[in-house]
Amino acid sequence: MKQSQLFTKTRKEAPRDEVSKNAQLLIRAGFVHKEMAGVYSFLPLGLRVLDKINSIIRKEMNAIGGQEIFMTALQDKNIWEKTSRWSDDVIDNWFKTSLKNGTELGLGFTHEEPITRIMTNYISSYKDLPFSAYQIQTKFRNEARAKSGIMRGREFMMKDLYSFSRDEKEHDEFYQKAGEAYMKIFNTVGVGDKTFKTFASGGSFSKYSHEFQTISDAGEDKIYICEKCSIAVNEEIIKEQNKCPECGNSKLKEGKSIEVGNIFSLGTRFSEALGLTYNDEKGEKQFVIMGCYGIGPGRVMGTIVETLSDEKGIVWPESVAPFQVHLLSLNEDKEAEKVYNELEKAGIEVLFDDRDTRPGEKFADSDLIGIPWRVVVSKKSLENGGVEVKRRDGDDGEVMSIKELIKKIINN
RNA sequence: CGGAGCAUGGUGUCAACGGCUAGCACGCAUGUUUUGGGAACAUGUAGACAGGGUUCGAAUCCCUGUGCUCCGACCA
C-alpha cells in the first residue's frame with residue numbers, strides 16, 4: 001500500500017487524556033481512534049494487526065479441532081434467567097436494551113448460555129462428543145471503570161471457544177490441549193517469553209482455572225512465578241497455593257502482569273441449567289461436561305505494544321505487523337516504485353512511503369509505526385548498489401540488491 | 001461503585017493579574033527555497049465542554065450538568 005493513500009496520519013504528540021502507553025502509541029501512529037472511554041475504533045493499520053492476531057488464533061483453534069461459528073451480540077433474556085445470570089445483582093456489567101414491544105435484551109458479555117442452547121439441538125448421543133466450537137466476536141461489558149487504553153474496554157473483541165465432552169477425563173485432555181495451543185499463540189505473537197500459565201481461582205465452577213499472564217508494569221494482576229517450571233500463581237489464590245503447583249518450589253517471584261487469556265472448566269453448570277444432555281452407551285442420560293477458553297485479541301495487541309515498544313515507537317513482531325516492509329523513498333520515487341512492485345510480486349506486504357516529505361519525517365514515522373523491515377531507496381543506497389535494509393529492532397542497516405532483500409525476508 | 005484531578009483551534013501547551021484583538025508551538029492551505037533523522041521564510045486557516053450565576057467587565061470566580069484521566073473496589 002502506498003502511504004500517500006493511507007488516510008491516517010501520525011502525530012508527534014498523544015492526546016492528553018491518554019496515559020497508557022499502548023493507547024498513546026497506537027493513536028499517535030494512527031492504528032486506532034478513541035470513540036469514548038474504553039471504546040476504540042480500529043483504523044487500517046490497526047485492523048491489519050488485529051486480523052493477523054485473529055488468524056494466528058484461528059489457526060491454533062482449528063488445529064485442536066475448534067469449529068468456527070459466529071453468535072449474536074443480542075441476547076435472549078430467557079436462557080440467562082435459567083442460569084441465574086440475568087439479574088444485575090449477579091452480573092453487574094450487563095448492557096441491556098429492549099425491543100420496541102418492551103422485550104428486554106442483553107448485549108453479550110460472554111456466550112455460555114447461547115452456545116449451550118444451540119448445542120441442545122445437535123448433541124444427543126455419546127457419538128456426538130467430544131467437540132469444540134469458537135467464535136471471534138465483539139463483547140460488551142459495562143465496566144465501572146475503563147482503563148489501560150485498548151486493554152480494558154467496554155466493547156472489545158474476544159475469541160471464545162467452548163468445549164463439550166462426555167466426562168471429566170475427556171474434558172481434561174482437551175483442556176490440556178487448549179492450554180498448549182494458547183502458549184503457541186502467545187509464542188507466535190511475540191510475547192511467549194513473558195507469558196506464564198497461571199493458576200487462578202476457578203470461581204463457582206471448579207477449584208482452579210488457568211490464566212495466561214504476560215509480565216508488564218501495565219498489568220492489573222499480580223502473579224507469583226516459578227522460574228523453574230515457567231508457571232505462576234495468581235495473587236488471588238496465593239494464600240491457599242503458595243508453592244509452585246508443579247514442582248513444589250516455594251521461592252516464587254512476584255510480578256505485575258496482564259491477563260491475555262484464560263481457560264475454565266465449567267463442569268455441568270450450564271448443561272444442567274439448560275438441559276444439555278446425551279445418551280451414553282447404556283442409553284442413560286448424562287450431562288455434557290463443558291469448558292470455556294477466552295483470548296482478547298485487542299488486549300493481546302495492546303500487550304504487544306506495552307511490552308515490545310521502545311522510546312521511538314512500536315516494535316511489531318513480524319507475525320502481527322501490519323506490513324512486513326516499510327519502503328521509504330528518499331527522493332528516488334521512480335526507483336522505489338520498482339522496488340515496491342518487485343516486493344509485492346514476491347508476495348511481501350509493503351507500506352510504501354511515497355509521500356513528498358523530508359527524510360527525517362519518514363524515518364521518525366517509520367520508527368513510530370514499527371514495521372519490522374525498513375527499506376530505504378536513496379541516492380546513497382543506489383550508488384552503493386541497491387537498497388538499504390534495516391530491522392526495526394536492529395541497529396545499522398546494510399545495502400543489498402532487491403533480490404537479496406527478497407531472499408532475506410522470505411527466509412526469515 | 002467510593003475517592004481525587006482535569007476540560008483553551010485538528011493536536012499540545014504548569015500562555016495569559018477578573019480588564020487591550022485569547023499567546024506560542026505543531027498541523028493544515030498557498031508560494032519560494034530545501035531534501036539521510038520530525039527544514040526555512042512569507043501569507044493564510046482555525047479555539048474558551050454545555051447551561052446558569054456573580055460582575056461595569058469572566059478563559060479566569062461560583063453552581064449544575066457532561067466528558068476524560070488517575071487511585072481503589074470489581075473483573076463469572
# chains A, B, ... in the order shown; residues from 1 in each chain; ligands from 1

call {"tool": "interface_residues", "arguments": {"of": "chain B", "to": "chain A", "cutoff": "7 Å", "atoms": "only C-alpha atoms (C1' of nucleotides)", "output": "JSON, numbers by chain"}}
result
{"B": [11, 12, 35, 36, 37, 38, 68, 69]}

call {"tool": "write_last_selection", "arguments": {"atoms": "N, CA and C atoms (P, O5', C5', C4', C3', O3' and C1' of nucleotides)", "output": "PDB file, in the first residue's frame"}}
result
ATOM      1  P     U B  11      -8.346  18.231  19.069  1.00  0.00           P
ATOM      2  O5'   U B  11      -6.773  18.029  18.999  1.00  0.00           O
ATOM      3  C5'   U B  11      -6.229  16.732  18.833  1.00  0.00           C
ATOM      4  C4'   U B  11      -4.734  16.788  18.977  1.00  0.00           C
ATOM      5  C3'   U B  11      -4.229  17.464  20.253  1.00  0.00           C
ATOM      6  O3'   U B  11      -4.275  16.606  21.376  1.00  0.00           O
ATOM      7  C1'   U B  11      -3.031  18.304  18.414  1.00  0.00           C
ATOM      8  P     G B  12      -4.556  17.234  22.799  1.00  0.00           P
ATOM      9  O5'   G B  12      -3.173  17.944  23.119  1.00  0.00           O
ATOM     10  C5'   G B  12      -2.011  17.158  23.301  1.00  0.00           C
ATOM     11  C4'   G B  12      -0.806  18.053  23.395  1.00  0.00           C
ATOM     12  C3'   G B  12      -0.838  19.098  24.496  1.00  0.00           C
ATOM     13  O3'   G B  12      -0.541  18.555  25.768  1.00  0.00           O
ATOM     14  C1'   G B  12      -0.077  20.086  22.508  1.00  0.00           C
ATOM     15  P     U B  35      19.035  20.516  -0.933  1.00  0.00           P
ATOM     16  O5'   U B  35      18.385  19.312  -0.116  1.00  0.00           O
ATOM     17  C5'   U B  35      18.620  19.180   1.296  1.00  0.00           C
ATOM     18  C4'   U B  35      17.836  18.008   1.810  1.00  0.00           C
ATOM     19  C3'   U B  35      18.217  16.683   1.154  1.00  0.00           C
ATOM     20  O3'   U B  35      18.205  15.655   2.120  1.00  0.00           O
ATOM     21  C1'   U B  35      15.898  17.098   0.873  1.00  0.00           C
ATOM     22  P     G B  36      19.556  14.922   2.503  1.00  0.00           P
ATOM     23  O5'   G B  36      18.921  13.678   3.278  1.00  0.00           O
ATOM     24  C5'   G B  36      18.140  13.882   4.463  1.00  0.00           C
ATOM     25  C4'   G B  36      18.596  12.914   5.530  1.00  0.00           C
ATOM     26  C3'   G B  36      20.056  13.090   5.945  1.00  0.00           C
ATOM     27  O3'   G B  36      20.201  12.714   7.300  1.00  0.00           O
ATOM     28  C1'   G B  36      19.750  10.938   5.096  1.00  0.00           C
ATOM     29  P     G B  37      19.768  13.621   8.447  1.00  0.00           P
ATOM     30  O5'   G B  37      18.268  13.105   8.579  1.00  0.00           O
ATOM     31  C5'   G B  37      17.183  14.022   8.810  1.00  0.00           C
ATOM     32  C4'   G B  37      16.525  13.696  10.120  1.00  0.00           C
ATOM     33  C3'   G B  37      17.359  13.994  11.354  1.00  0.00           C
ATOM     34  O3'   G B  37      16.495  14.426  12.383  1.00  0.00           O
ATOM     35  C1'   G B  37      16.747  11.733  11.367  1.00  0.00           C
ATOM     36  P     G B  38      16.033  15.959  12.286  1.00  0.00           P
ATOM     37  O5'   G B  38      14.694  15.834  11.469  1.00  0.00           O
ATOM     38  C5'   G B  38      13.640  15.086  12.002  1.00  0.00           C
ATOM     39  C4'   G B  38      12.352  15.565  11.410  1.00  0.00           C
ATOM     40  C3'   G B  38      11.943  16.982  11.837  1.00  0.00           C
ATOM     41  O3'   G B  38      11.147  17.480  10.780  1.00  0.00           O
ATOM     42  C1'   G B  38      10.329  15.462  12.575  1.00  0.00           C
ATOM     43  P     C B  68     -16.091   9.539  28.677  1.00  0.00           P
ATOM     44  O5'   C B  68     -14.612  10.071  28.948  1.00  0.00           O
ATOM     45  C5'   C B  68     -13.749  10.378  27.878  1.00  0.00           C
ATOM     46  C4'   C B  68     -12.500  11.026  28.394  1.00  0.00           C
ATOM     47  C3'   C B  68     -11.720  10.223  29.429  1.00  0.00           C
ATOM     48  O3'   C B  68     -10.937   9.206  28.832  1.00  0.00           O
ATOM     49  C1'   C B  68     -11.914  12.449  30.164  1.00  0.00           C
ATOM     50  P     U B  69     -10.612   7.892  29.666  1.00  0.00           P
ATOM     51  O5'   U B  69      -9.515   8.419  30.692  1.00  0.00           O
ATOM     52  C5'   U B  69      -8.251   8.854  30.224  1.00  0.00           C
ATOM     53  C4'   U B  69      -7.446   9.427  31.356  1.00  0.00           C
ATOM     54  C3'   U B  69      -7.246   8.495  32.546  1.00  0.00           C
ATOM     55  O3'   U B  69      -6.195   7.578  32.318  1.00  0.00           O
ATOM     56  C1'   U B  69      -7.906  10.618  33.328  1.00  0.00           C
TER      57        U B  69
END

call {"tool": "residues_around", "arguments": {"residues": "Phe174 (chain A)", "least_positions_apart": "6", "cutoff": "9 Å", "atoms": "only C-alpha atoms (C1' of nucleotides)", "output": "PyMOL selection string"}}
result
chain A and resi 64+130+163+165+291

call {"tool": "residues_around", "arguments": {"residues": "Ala23 (chain A)", "least_positions_apart": "3", "cutoff": "12 Å", "atoms": "only C-alpha atoms (C1' of nucleotides)", "output": "ChimeraX atom specification"}}
result
/A:13-20,26-34,37-42,46,147-153,218,298-299,301-306,313-314

call {"tool": "write_last_selection", "arguments": {"atoms": "C-alpha atoms", "output": "CSV table (one decimal), in the first residue's frame"}}
result
chain,number,residue,atom,x,y,z
A,13,GLU,CA,2.0,14.2,20.5
A,14,ALA,CA,-0.5,11.9,22.0
A,15,PRO,CA,-3.8,13.4,23.2
A,16,ARG,CA,-3.5,14.5,26.8
A,17,ASP,CA,-6.3,12.2,28.0
A,18,GLU,CA,-4.4,9.1,27.1
A,19,VAL,CA,-1.9,7.9,29.7
A,20,SER,CA,-1.4,4.3,28.9
A,26,LEU,CA,-1.4,3.4,18.8
A,27,ILE,CA,-3.2,6.7,18.5
A,28,ARG,CA,0.0,8.6,17.6
A,29,ALA,CA,0.8,6.1,14.9
A,30,GLY,CA,-2.8,6.0,13.6
A,31,PHE,CA,-3.8,2.4,14.4
A,32,VAL,CA,-6.8,3.2,16.5
A,33,HIS,CA,-9.2,6.0,17.3
A,34,LYS,CA,-10.8,6.5,20.6
A,37,ALA,CA,-13.6,5.8,27.3
A,38,GLY,CA,-13.0,2.1,26.8
A,39,VAL,CA,-14.3,2.2,23.2
A,40,TYR,CA,-11.9,2.2,20.3
A,41,SER,CA,-12.2,2.0,16.5
A,42,PHE,CA,-9.6,0.2,14.5
A,46,GLY,CA,-4.8,-1.4,13.5
A,147,LYS,CA,-8.7,1.8,31.7
A,148,SER,CA,-5.4,0.9,30.2
A,149,GLY,CA,-6.1,2.0,26.7
A,150,ILE,CA,-7.3,-0.8,24.5
A,151,MET,CA,-6.7,-3.4,27.1
A,152,ARG,CA,-9.8,-3.0,29.2
A,153,GLY,CA,-12.7,-1.6,27.2
A,218,ALA,CA,0.9,-2.0,32.7
A,298,GLY,CA,-7.3,-6.4,21.2
A,299,ARG,CA,-5.8,-6.9,24.6
A,301,MET,CA,-2.4,-6.2,20.6
A,302,GLY,CA,-2.2,-3.8,23.5
A,303,THR,CA,0.1,-6.1,25.4
A,304,ILE,CA,2.5,-6.4,22.4
A,305,VAL,CA,2.7,-2.6,22.3
A,306,GLU,CA,3.2,-2.4,26.0
A,313,GLY,CA,7.7,3.9,18.9
A,314,ILE,CA,6.1,0.5,18.4

call {"tool": "residues_around", "arguments": {"residues": "region 348-351 of chain A", "least_positions_apart": "4", "cutoff": "8 Å", "atoms": "only C-alpha atoms (C1' of nucleotides)", "output": "PDB file with N, CA and C atoms, in the first residue's frame"}}
result
ATOM      1  N   MET A   1       0.823  -1.188   0.000  1.00  0.00           N
ATOM      2  CA  MET A   1       0.000   0.000   0.000  1.00  0.00           C
ATOM      3  C   MET A   1       0.868   1.254   0.000  1.00  0.00           C
ATOM      4  N   LYS A   2       0.397   2.220  -0.764  1.00  0.00           N
ATOM      5  CA  LYS A   2       1.134   3.483  -0.791  1.00  0.00           C
ATOM      6  C   LYS A   2       0.703   4.368   0.379  1.00  0.00           C
ATOM      7  N   GLN A   3       1.681   4.874   1.071  1.00  0.00           N
ATOM      8  CA  GLN A   3       1.378   5.647   2.267  1.00  0.00           C
ATOM      9  C   GLN A   3       0.673   6.954   1.936  1.00  0.00           C
ATOM     10  N   PHE A 323       2.429  -4.558   8.049  1.00  0.00           N
ATOM     11  CA  PHE A 323       3.135  -4.853   6.800  1.00  0.00           C
ATOM     12  C   PHE A 323       4.482  -5.434   7.180  1.00  0.00           C
ATOM     13  N   GLN A 324       5.082  -6.171   6.268  1.00  0.00           N
ATOM     14  CA  GLN A 324       6.406  -6.716   6.567  1.00  0.00           C
ATOM     15  C   GLN A 324       7.493  -5.678   6.310  1.00  0.00           C
ATOM     16  N   VAL A 325       7.300  -4.905   5.243  1.00  0.00           N
ATOM     17  CA  VAL A 325       8.338  -3.959   4.834  1.00  0.00           C
ATOM     18  C   VAL A 325       7.783  -2.546   4.819  1.00  0.00           C
ATOM     19  N   HIS A 326       8.560  -1.625   5.363  1.00  0.00           N
ATOM     20  CA  HIS A 326       8.263  -0.210   5.206  1.00  0.00           C
ATOM     21  C   HIS A 326       9.306   0.342   4.236  1.00  0.00           C
ATOM     22  N   LEU A 327       8.845   0.660   3.057  1.00  0.00           N
ATOM     23  CA  LEU A 327       9.744   1.115   1.999  1.00  0.00           C
ATOM     24  C   LEU A 327       9.729   2.639   1.964  1.00  0.00           C
ATOM     25  N   TYR A 340       9.070  -1.432  -4.972  1.00  0.00           N
ATOM     26  CA  TYR A 340       7.722  -1.697  -4.448  1.00  0.00           C
ATOM     27  C   TYR A 340       7.052  -2.797  -5.255  1.00  0.00           C
ATOM     28  N   LEU A 343       8.691  -6.266  -4.718  1.00  0.00           N
ATOM     29  CA  LEU A 343       8.381  -6.858  -3.414  1.00  0.00           C
ATOM     30  C   LEU A 343       6.950  -7.382  -3.397  1.00  0.00           C
ATOM     31  N   GLU A 344       6.050  -6.593  -3.941  1.00  0.00           N
ATOM     32  CA  GLU A 344       4.650  -7.023  -3.988  1.00  0.00           C
ATOM     33  C   GLU A 344       4.511  -8.293  -4.810  1.00  0.00           C
TER      34      GLU A 344
END

call {"tool": "atom_distance", "arguments": {"atom1": "CA of Gly255 (chain A)", "atom2": "CA of Gly296 (chain A)"}}
result
21.0 Å

call {"tool": "residues_around", "arguments": {"residues": "A59 (chain B)", "least_positions_apart": "3", "cutoff": "8 Å", "atoms": "only C-alpha atoms (C1' of nucleotides)", "output": "count of residues only"}}
result
3

call {"tool": "closest_residue", "arguments": {"among": "B:U32, B:U21, B:U64, B:U13", "to": "G51 (chain B)", "atoms": "only C-alpha atoms (C1' of nucleotides)"}}
result
B:U64

call {"tool": "closest_residue", "arguments": {"among": "A:Thr120, A:Asn341, A:Asn78, A:Ser55", "to": "Ser271 (chain A)", "atoms": "only C-alpha atoms"}}
result
A:Thr120

call {"tool": "atom_distance", "arguments": {"atom1": "CA of Lys407 (chain A)", "atom2": "CA of Ala63 (chain A)"}}
result
29.3 Å

call {"tool": "select_by_dssp", "arguments": {"residues": "region 84-291 of chain A", "states": "strand (DSSP E or B)", "output": "PyMOL selection string"}}
result
chain A and resi 95-98+104-107+125+131-140+147+152+155-165+195-201+208-215+221-226+231-234+253-267+277-279+285-287+289-291

call {"tool": "residues_around", "arguments": {"residues": "G57 (chain B)", "least_positions_apart": "2", "cutoff": "9 Å", "atoms": "only C-alpha atoms (C1' of nucleotides)", "output": "NGL selection string"}}
result
:B and (18-19 or 55)

call {"tool": "write_last_selection", "arguments": {"atoms": "N, CA and C atoms (P, O5', C5', C4', C3', O3' and C1' of nucleotides)", "output": "tab-separated table (two decimals), in the first residue's frame"}}
result
chain	number	residue	atom	x	y	z
B	18	G	P	-6.33	36.58	38.74
B	18	G	O5'	-7.23	37.39	37.72
B	18	G	C5'	-8.63	37.36	37.88
B	18	G	C4'	-9.27	38.05	36.70
B	18	G	C3'	-8.87	39.51	36.51
B	18	G	O3'	-9.00	39.85	35.12
B	18	G	C1'	-11.16	39.38	36.83
B	19	G	P	-7.68	40.20	34.31
B	19	G	O5'	-8.24	41.24	33.25
B	19	G	C5'	-9.10	40.81	32.21
B	19	G	C4'	-9.36	41.95	31.26
B	19	G	C3'	-8.11	42.72	30.85
B	19	G	O3'	-8.28	43.21	29.53
B	19	G	C1'	-9.58	44.15	32.01
B	55	U	P	-23.97	41.05	40.91
B	55	U	O5'	-22.66	41.56	40.18
B	55	U	C5'	-21.50	41.90	40.93
B	55	U	C4'	-20.36	42.21	40.00
B	55	U	C3'	-20.68	43.21	38.89
B	55	U	O3'	-20.61	44.54	39.35
B	55	U	C1'	-19.54	41.34	37.98

call {"tool": "select_by_dssp", "arguments": {"residues": "region 338-390 of chain A", "states": "alpha helix (DSSP H)", "output": "list in words"}}
result
Lys338, Val339, Tyr340, Asn341, Glu342, Leu343, Glu344, Lys345, Pro359, Gly360, Glu361, Lys362, Phe363, Ala364, Asp365, Ser366, Asp367, Leu368, Ile369, Lys379, Lys380, Ser381, Leu382 and Glu383 of chain A

call {"tool": "write_last_selection", "arguments": {"atoms": "N, CA and C atoms", "output": "PDB file, in the first residue's frame"}}
result
ATOM      1  N   LYS A 338       9.832   0.788  -8.455  1.00  0.00           N
ATOM      2  CA  LYS A 338      10.256  -0.516  -8.987  1.00  0.00           C
ATOM      3  C   LYS A 338      10.425  -1.522  -7.855  1.00  0.00           C
ATOM      4  N   VAL A 339      11.099  -1.075  -6.801  1.00  0.00           N
ATOM      5  CA  VAL A 339      11.313  -1.959  -5.652  1.00  0.00           C
ATOM      6  C   VAL A 339       9.964  -2.389  -5.073  1.00  0.00           C
ATOM      7  N   TYR A 340       9.070  -1.432  -4.972  1.00  0.00           N
ATOM      8  CA  TYR A 340       7.722  -1.697  -4.448  1.00  0.00           C
ATOM      9  C   TYR A 340       7.052  -2.797  -5.255  1.00  0.00           C
ATOM     10  N   ASN A 341       7.080  -2.658  -6.573  1.00  0.00           N
ATOM     11  CA  ASN A 341       6.429  -3.643  -7.434  1.00  0.00           C
ATOM     12  C   ASN A 341       7.066  -5.025  -7.306  1.00  0.00           C
ATOM     13  N   GLU A 342       8.374  -5.053  -7.215  1.00  0.00           N
ATOM     14  CA  GLU A 342       9.062  -6.342  -7.096  1.00  0.00           C
ATOM     15  C   GLU A 342       8.716  -7.040  -5.786  1.00  0.00           C
ATOM     16  N   LEU A 343       8.691  -6.266  -4.718  1.00  0.00           N
ATOM     17  CA  LEU A 343       8.381  -6.858  -3.414  1.00  0.00           C
ATOM     18  C   LEU A 343       6.950  -7.382  -3.397  1.00  0.00           C
ATOM     19  N   GLU A 344       6.050  -6.593  -3.941  1.00  0.00           N
ATOM     20  CA  GLU A 344       4.650  -7.023  -3.988  1.00  0.00           C
ATOM     21  C   GLU A 344       4.511  -8.293  -4.810  1.00  0.00           C
ATOM     22  N   LYS A 345       5.244  -8.326  -5.929  1.00  0.00           N
ATOM     23  CA  LYS A 345       5.178  -9.501  -6.793  1.00  0.00           C
ATOM     24  C   LYS A 345       5.659 -10.738  -6.045  1.00  0.00           C
ATOM     25  N   PRO A 359      13.225  13.386   4.639  1.00  0.00           N
ATOM     26  CA  PRO A 359      13.703  12.111   5.180  1.00  0.00           C
ATOM     27  C   PRO A 359      13.476  11.966   6.684  1.00  0.00           C
ATOM     28  N   GLY A 360      13.772  13.010   7.415  1.00  0.00           N
ATOM     29  CA  GLY A 360      13.659  12.914   8.867  1.00  0.00           C
ATOM     30  C   GLY A 360      12.269  12.495   9.294  1.00  0.00           C
ATOM     31  N   GLU A 361      11.284  13.054   8.625  1.00  0.00           N
ATOM     32  CA  GLU A 361       9.910  12.746   8.972  1.00  0.00           C
ATOM     33  C   GLU A 361       9.592  11.291   8.622  1.00  0.00           C
ATOM     34  N   LYS A 362      10.101  10.846   7.487  1.00  0.00           N
ATOM     35  CA  LYS A 362       9.848   9.459   7.091  1.00  0.00           C
ATOM     36  C   LYS A 362      10.484   8.479   8.077  1.00  0.00           C
ATOM     37  N   PHE A 363      11.699   8.771   8.495  1.00  0.00           N
ATOM     38  CA  PHE A 363      12.354   7.883   9.454  1.00  0.00           C
ATOM     39  C   PHE A 363      11.591   7.860  10.776  1.00  0.00           C
ATOM     40  N   ALA A 364      11.223   9.036  11.235  1.00  0.00           N
ATOM     41  CA  ALA A 364      10.535   9.113  12.523  1.00  0.00           C
ATOM     42  C   ALA A 364       9.203   8.369  12.463  1.00  0.00           C
ATOM     43  N   ASP A 365       8.464   8.548  11.367  1.00  0.00           N
ATOM     44  CA  ASP A 365       7.185   7.857  11.216  1.00  0.00           C
ATOM     45  C   ASP A 365       7.385   6.350  11.143  1.00  0.00           C
ATOM     46  N   SER A 366       8.434   5.962  10.444  1.00  0.00           N
ATOM     47  CA  SER A 366       8.705   4.538  10.295  1.00  0.00           C
ATOM     48  C   SER A 366       8.990   3.899  11.648  1.00  0.00           C
ATOM     49  N   ASP A 367       9.784   4.577  12.457  1.00  0.00           N
ATOM     50  CA  ASP A 367      10.065   4.062  13.797  1.00  0.00           C
ATOM     51  C   ASP A 367       8.797   3.994  14.630  1.00  0.00           C
ATOM     52  N   LEU A 368       7.960   4.997  14.490  1.00  0.00           N
ATOM     53  CA  LEU A 368       6.732   5.048  15.290  1.00  0.00           C
ATOM     54  C   LEU A 368       5.777   3.918  14.904  1.00  0.00           C
ATOM     55  N   ILE A 369       5.614   3.710  13.608  1.00  0.00           N
ATOM     56  CA  ILE A 369       4.668   2.690  13.126  1.00  0.00           C
ATOM     57  C   ILE A 369       5.171   1.283  13.414  1.00  0.00           C
ATOM     58  N   LYS A 379      19.599   8.112  -3.096  1.00  0.00           N
ATOM     59  CA  LYS A 379      20.741   8.290  -3.973  1.00  0.00           C
ATOM     60  C   LYS A 379      21.928   7.488  -3.433  1.00  0.00           C
ATOM     61  N   LYS A 380      22.098   7.598  -2.139  1.00  0.00           N
ATOM     62  CA  LYS A 380      23.224   6.913  -1.494  1.00  0.00           C
ATOM     63  C   LYS A 380      23.134   5.396  -1.659  1.00  0.00           C
ATOM     64  N   SER A 381      21.932   4.853  -1.404  1.00  0.00           N
ATOM     65  CA  SER A 381      21.798   3.393  -1.494  1.00  0.00           C
ATOM     66  C   SER A 381      21.980   2.924  -2.928  1.00  0.00           C
ATOM     67  N   LEU A 382      21.459   3.693  -3.869  1.00  0.00           N
ATOM     68  CA  LEU A 382      21.572   3.300  -5.276  1.00  0.00           C
ATOM     69  C   LEU A 382      23.032   3.317  -5.723  1.00  0.00           C
ATOM     70  N   GLU A 383      23.776   4.319  -5.245  1.00  0.00           N
ATOM     71  CA  GLU A 383      25.202   4.384  -5.584  1.00  0.00           C
ATOM     72  C   GLU A 383      25.950   3.179  -5.042  1.00  0.00           C
TER      73      GLU A 383
END

call {"tool": "residues_around", "arguments": {"residues": "Ser257 (chain A)", "least_positions_apart": "4", "cutoff": "7 Å", "atoms": "only C-alpha atoms (C1' of nucleotides)", "output": "ChimeraX atom specification"}}
result
/A:213-217,219-223

call {"tool": "atom_distance", "arguments": {"atom1": "CA of Lys197 (chain A)", "atom2": "CA of Phe212 (chain A)"}}
result
4.7 Å
